[in-house]
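Printed here is query-v3.txt (compact mmCIF, C-alpha atoms):
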# COMPACT_ATOMS: atom_id res chain seq x y z
CA MET A 23 -2.96 7.78 -138.80
CA ASN A 24 -2.73 5.59 -141.92
CA GLU A 25 0.38 7.43 -143.07
CA TYR A 26 1.97 6.91 -139.65
CA ARG A 27 1.07 3.23 -139.84
CA ASP A 28 2.65 2.84 -143.29
CA ARG A 29 5.74 4.95 -142.63
CA VAL A 30 6.52 3.95 -139.05
CA VAL A 31 4.44 1.15 -137.50
CA LEU A 32 4.57 -1.46 -140.27
CA PRO A 33 8.29 -0.95 -141.09
CA SER A 34 9.13 -1.18 -137.38
CA ALA A 35 7.06 -4.36 -137.01
CA SER A 36 8.74 -5.84 -140.11
CA LYS A 37 12.18 -5.12 -138.69
CA LYS A 38 11.27 -6.50 -135.26
CA HIS A 39 9.89 -9.80 -136.59
CA GLY A 40 12.29 -10.20 -139.51
CA THR A 41 9.55 -10.51 -142.12
CA GLN A 42 7.61 -8.16 -144.37
CA ILE A 43 4.47 -6.89 -142.62
CA SER A 44 2.32 -4.68 -144.83
CA LYS A 45 -1.25 -5.21 -143.60
CA CYS A 46 -3.25 -4.73 -140.43
CA ILE A 47 -6.64 -5.37 -138.85
CA LYS A 48 -8.85 -2.76 -137.21
CA VAL A 49 -11.02 -3.36 -134.15
CA LEU A 50 -13.95 -0.97 -133.74
CA ASP A 51 -15.53 -0.59 -130.29
CA MET A 52 -19.27 0.16 -130.38
CA SER A 53 -19.71 0.46 -126.61
CA GLY A 54 -22.22 3.09 -125.60
CA LEU A 55 -23.75 3.49 -129.05
CA LYS A 56 -27.10 5.25 -128.62
CA LEU A 57 -29.83 6.53 -130.90
CA SER A 58 -28.70 10.10 -130.22
CA ALA A 59 -25.37 9.35 -131.90
CA LEU A 60 -26.75 7.68 -135.01
CA SER A 61 -26.76 10.90 -137.02
CA GLN A 62 -22.96 10.71 -136.91
CA ILE A 63 -22.82 7.17 -138.27
CA LYS A 64 -22.69 8.40 -141.86
CA LEU A 65 -19.44 10.23 -141.08
CA GLY A 66 -17.99 6.94 -139.90
CA THR A 67 -18.94 5.23 -143.15
CA LEU A 68 -17.32 8.01 -145.18
CA ILE A 69 -14.10 7.72 -143.18
CA THR A 70 -14.08 3.94 -143.59
CA SER A 71 -14.71 4.15 -147.34
CA ILE A 72 -12.02 6.79 -147.89
CA ASP A 73 -9.67 4.73 -145.74
CA ASP A 74 -10.11 1.60 -147.83
CA LEU A 75 -10.27 3.30 -151.23
CA ASN A 76 -7.08 5.31 -150.70
CA TYR A 77 -5.16 2.64 -148.80
CA PRO A 78 -6.33 -0.47 -150.67
CA GLU A 79 -5.53 -3.87 -149.23
CA ARG A 80 -3.84 -2.38 -146.17
CA THR A 81 -6.66 -3.45 -143.86
CA ILE A 82 -7.48 -7.17 -143.91
CA THR A 83 -10.56 -7.07 -141.68
CA TYR A 84 -12.62 -4.57 -139.69
CA TYR A 85 -13.79 -6.29 -136.50
CA ILE A 86 -16.76 -4.73 -134.71
CA VAL A 87 -17.07 -5.55 -131.00
CA ASN A 88 -19.25 -4.62 -128.02
CA ALA A 89 -22.15 -3.87 -130.34
CA PRO A 90 -25.40 -3.02 -128.45
CA TYR A 91 -28.79 -3.99 -129.87
CA VAL A 92 -29.06 -0.55 -131.49
CA PHE A 93 -26.16 -1.46 -133.77
CA SER A 94 -28.20 -4.06 -135.65
CA ALA A 95 -30.53 -1.27 -136.79
CA CYS A 96 -27.56 0.95 -137.65
CA TRP A 97 -25.92 -1.76 -139.69
CA LYS A 98 -28.95 -2.24 -141.93
CA VAL A 99 -28.70 1.41 -142.95
CA VAL A 100 -24.91 1.78 -142.94
CA ARG A 101 -24.03 -1.40 -144.81
CA PRO A 102 -25.31 -0.23 -148.24
CA LEU A 103 -23.28 2.98 -147.89
CA LEU A 104 -19.98 1.14 -147.71
CA HIS A 105 -17.91 0.31 -150.75
CA GLU A 106 -18.43 -3.35 -151.65
CA ARG A 107 -14.78 -4.18 -151.07
CA THR A 108 -14.94 -2.61 -147.62
CA ARG A 109 -18.28 -4.23 -146.81
CA LYS A 110 -16.83 -7.70 -147.38
CA LYS A 111 -14.12 -7.03 -144.82
CA VAL A 112 -16.46 -6.17 -141.94
CA ARG A 113 -17.08 -8.82 -139.28
CA VAL A 114 -19.36 -8.33 -136.30
CA LEU A 115 -18.13 -10.36 -133.31
CA SER A 116 -20.14 -11.49 -130.31
CA GLY A 117 -19.62 -9.47 -127.13
CA SER A 118 -16.10 -8.15 -126.68
CA GLY A 119 -14.86 -10.49 -129.42
CA GLN A 120 -12.10 -11.77 -127.15
CA ASP A 121 -12.44 -15.45 -128.08
CA GLU A 122 -12.30 -14.79 -131.83
CA LEU A 123 -9.50 -12.24 -131.63
CA LEU A 124 -7.31 -14.50 -129.52
CA LYS A 125 -7.18 -16.82 -132.53
CA ILE A 126 -5.20 -14.21 -134.45
CA MET A 127 -3.35 -12.24 -131.75
CA GLU A 128 -1.82 -12.58 -128.30
CA TYR A 129 -3.75 -11.51 -125.22
CA SER A 130 -1.27 -8.67 -124.62
CA SER A 131 -2.20 -7.22 -128.03
CA LEU A 132 -5.93 -7.10 -127.34
CA PRO A 133 -7.37 -3.56 -127.10
CA HIS A 134 -8.49 -2.78 -123.54
CA PHE A 135 -12.15 -2.84 -124.59
CA CYS A 136 -11.81 -6.47 -125.69
CA ARG A 137 -10.76 -7.62 -122.22
CA ARG A 138 -14.17 -7.54 -120.57
CA LYS A 139 -14.87 -10.23 -117.99
CA GLY A 140 -18.30 -10.99 -119.35
CA SER A 141 -21.01 -9.88 -121.72
CA GLY A 142 -22.37 -6.47 -120.75
CA SER A 143 -19.74 -5.99 -118.05
CA SER A 144 -18.06 -2.62 -117.77
CA ARG A 145 -15.15 -4.11 -115.84
CA TYR A 146 -11.94 -5.24 -117.45
CA THR A 147 -9.54 -7.98 -116.49
CA GLU A 148 -6.26 -7.32 -114.71
CA GLY A 149 -3.73 -5.50 -116.83
CA ALA A 150 -6.37 -3.79 -118.94
CA GLY A 151 -5.60 -0.34 -117.54
CA ASP A 152 -3.72 0.36 -120.74
CA ASN A 153 -6.58 2.40 -122.18
CA CYS A 154 -5.89 2.77 -125.91
CA PHE A 155 -8.33 5.69 -126.10
CA SER A 156 -6.25 7.76 -123.69
CA LEU A 157 -3.99 10.43 -125.19
CA ASP A 158 -1.38 9.28 -122.67
CA HIS A 159 -1.22 5.86 -124.31
CA PRO A 160 2.32 5.21 -125.65
CA PHE A 161 1.04 4.80 -129.22
CA HIS A 162 -0.62 8.22 -129.26
CA GLN A 163 2.39 9.84 -127.62
CA GLN A 164 4.73 8.34 -130.22
CA HIS A 165 2.36 9.35 -133.01
CA TYR A 166 2.15 12.92 -131.71
CA ASN A 167 5.94 13.20 -131.35
CA TYR A 168 6.45 11.89 -134.87
CA MET A 169 3.96 14.38 -136.35
CA LYS A 170 5.52 17.23 -134.38
CA LYS A 171 8.98 16.28 -135.65
CA GLN A 172 7.73 16.10 -139.24
CA SER A 173 6.06 19.50 -138.98
CA LEU A 174 9.30 21.05 -137.73
CA LEU A 175 11.17 19.57 -140.69
CA LEU A 176 8.69 21.16 -143.09
CA GLU A 177 8.68 24.62 -141.47
CA PRO A 178 11.82 25.87 -143.29
CA LEU A 179 10.08 25.16 -146.60
CA GLY A 180 7.43 27.78 -145.83
CA PRO A 181 3.70 27.50 -146.59
CA ARG A 182 2.81 24.45 -148.61
CA LYS A 183 -0.16 24.09 -150.89
CA GLN A 184 -2.68 21.55 -149.75
CA GLY A 185 -3.58 18.93 -152.30
CA SER A 186 -6.99 17.43 -152.79
CA PHE A 187 -8.46 14.18 -153.99
CA HIS A 188 -11.85 12.89 -154.98
CA VAL A 189 -13.38 9.62 -153.88
CA ASP A 190 -16.58 8.30 -155.44
CA LEU A 191 -18.95 7.09 -152.76
CA PRO A 192 -22.24 5.20 -153.20
CA GLU A 193 -25.23 7.44 -153.78
CA THR A 194 -27.57 7.56 -150.81
CA GLU A 195 -30.81 9.22 -149.83
CA THR A 196 -30.14 8.81 -146.11
CA GLU A 197 -29.40 12.51 -145.62
CA GLY A 198 -30.33 14.60 -142.57
CA THR A 199 -33.75 13.84 -141.14
CA GLN A 200 -34.34 11.03 -143.62
CA PHE A 201 -31.38 9.20 -142.13
CA VAL A 202 -32.76 9.54 -138.61
CA LYS A 203 -36.25 8.50 -139.75
CA THR A 204 -34.82 5.37 -141.37
CA MET A 205 -32.94 4.49 -138.18
CA ALA A 206 -36.07 5.05 -136.08
CA SER A 207 -38.02 2.77 -138.41
CA GLU A 208 -35.46 -0.01 -138.03
CA LEU A 209 -35.54 0.34 -134.25
CA GLN A 210 -39.34 0.16 -134.29
CA LYS A 211 -39.14 -3.10 -136.23
CA LEU A 212 -36.82 -4.50 -133.58
CA GLY A 213 -39.21 -3.48 -130.85
CA ASN A 214 -42.09 -5.25 -132.57
CA LYS A 215 -40.27 -8.57 -132.51
CA LYS A 216 -40.72 -10.85 -129.52
CA ASP A 217 -37.04 -11.59 -129.44
CA GLY A 218 -35.87 -8.86 -131.81
CA ILE A 219 -32.46 -8.47 -130.28
CA SER A 220 -31.31 -12.03 -130.79
CA ASP A 221 -32.89 -12.22 -134.24
CA SER A 222 -31.23 -9.01 -135.39
CA PHE A 223 -27.78 -10.23 -134.44
CA GLU A 224 -28.32 -13.50 -136.24
CA ASP A 225 -29.06 -11.46 -139.37
CA LEU A 226 -25.60 -9.85 -139.13
CA ASN A 227 -23.71 -13.11 -139.53

Could you spell out this file's structure in structure tokens?
Amino acid sequence: MNEYRDRVVLPSASKKHGTQISKCIKVLDMSGLKLSALSQIKLGTLITSIDDLNYPERTITYYIVNAPYVFSACWKVVRPLLHERTRKKVRVLSGSGQDELLKIMEYSSLPHFCRRKGSGSSRYTEGAGDNCFSLDHPFHQQHYNYMKKQSLLLEPLGPRKQGSFHVDLPETETEGTQFVKTMASELQKLGNKKDGISDSFEDLN
């Protein structure tokens, strides 16, 4: 996806707007995050770290939106796992983040999950049927067609050796059951607070 961005999306955007465009922002939707999915959070941190370490300065900011109360517990565990440079780029927005994002982009550019009518609402405003998670979305179709075309160009060359790279990631003890236990502990702390939800989100800012 990053290669497609650098080889196709950014050059096309630069040509369209008549100026050099070499960076992007990423909006991460946390809708539906549940405790049962927390064991997969570490994978997300690895992907984010590899993304930023191998494509440095390509992503300006990672915006997190639609974060449920469970996310505050996740973030306390996940944050130390991220590379410091990546960690500084993460911003947690309130609700769908629409108000903040409209300061840097047009409404038509908002992801469908940022067009919610109100906090906690599962409904989207008119014109939000353009679900960017759908494989039928124009972006994914164009991406697929590009990759298919590239693979056909490489076929005459025969089998190609796969390269490898190494990325140093922060050491962590949050492996397997220990990771889940840590998350459960954080959630318990939230439950012990009278207004734990609001307090936890204030801690994220």

Between atom CA of Asp74 of chain A and atom CA of Val112 of chain A, measure the distance and give it in Å to one decimal.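 Separation of atom CA of Asp74 of chain A and atom CA of Val112 of chain A: 11.6 Å.
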
Can you sort out the box for segment 131-138 of chain A, edges along x, y and z, all listed atoms in, 8 Å on every side, with centre and edge lengths in Å to one decimal, as AutoDock Vina command-line options?
--center_x -8.2 --center_y -5.2 --center_z -124.3 --size_x 28.0 --size_y 20.8 --size_z 23.5

Please list as a ChimeraX atom specification every residue within 12 Å of Pro78 of chain A, counting only C-alpha atoms and excluding residues in the same chain fewer than 5 positions away. /A:24,44-46,70-73,83,105,107-108,111

So how many Å separate atom CA of Leu103 of chain A and atom CA of Thr67 of chain A, to one decimal?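 Interatomic distance, atom CA of Leu103 of chain A to atom CA of Thr67 of chain A: 6.8 Å.
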
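Distances from A:Leu55, A:Val92, A:Ile47, A:Met169 to Glu79 of chain A were compared using all atoms listed in the file, and the smallest one belongs to A:Ile47.
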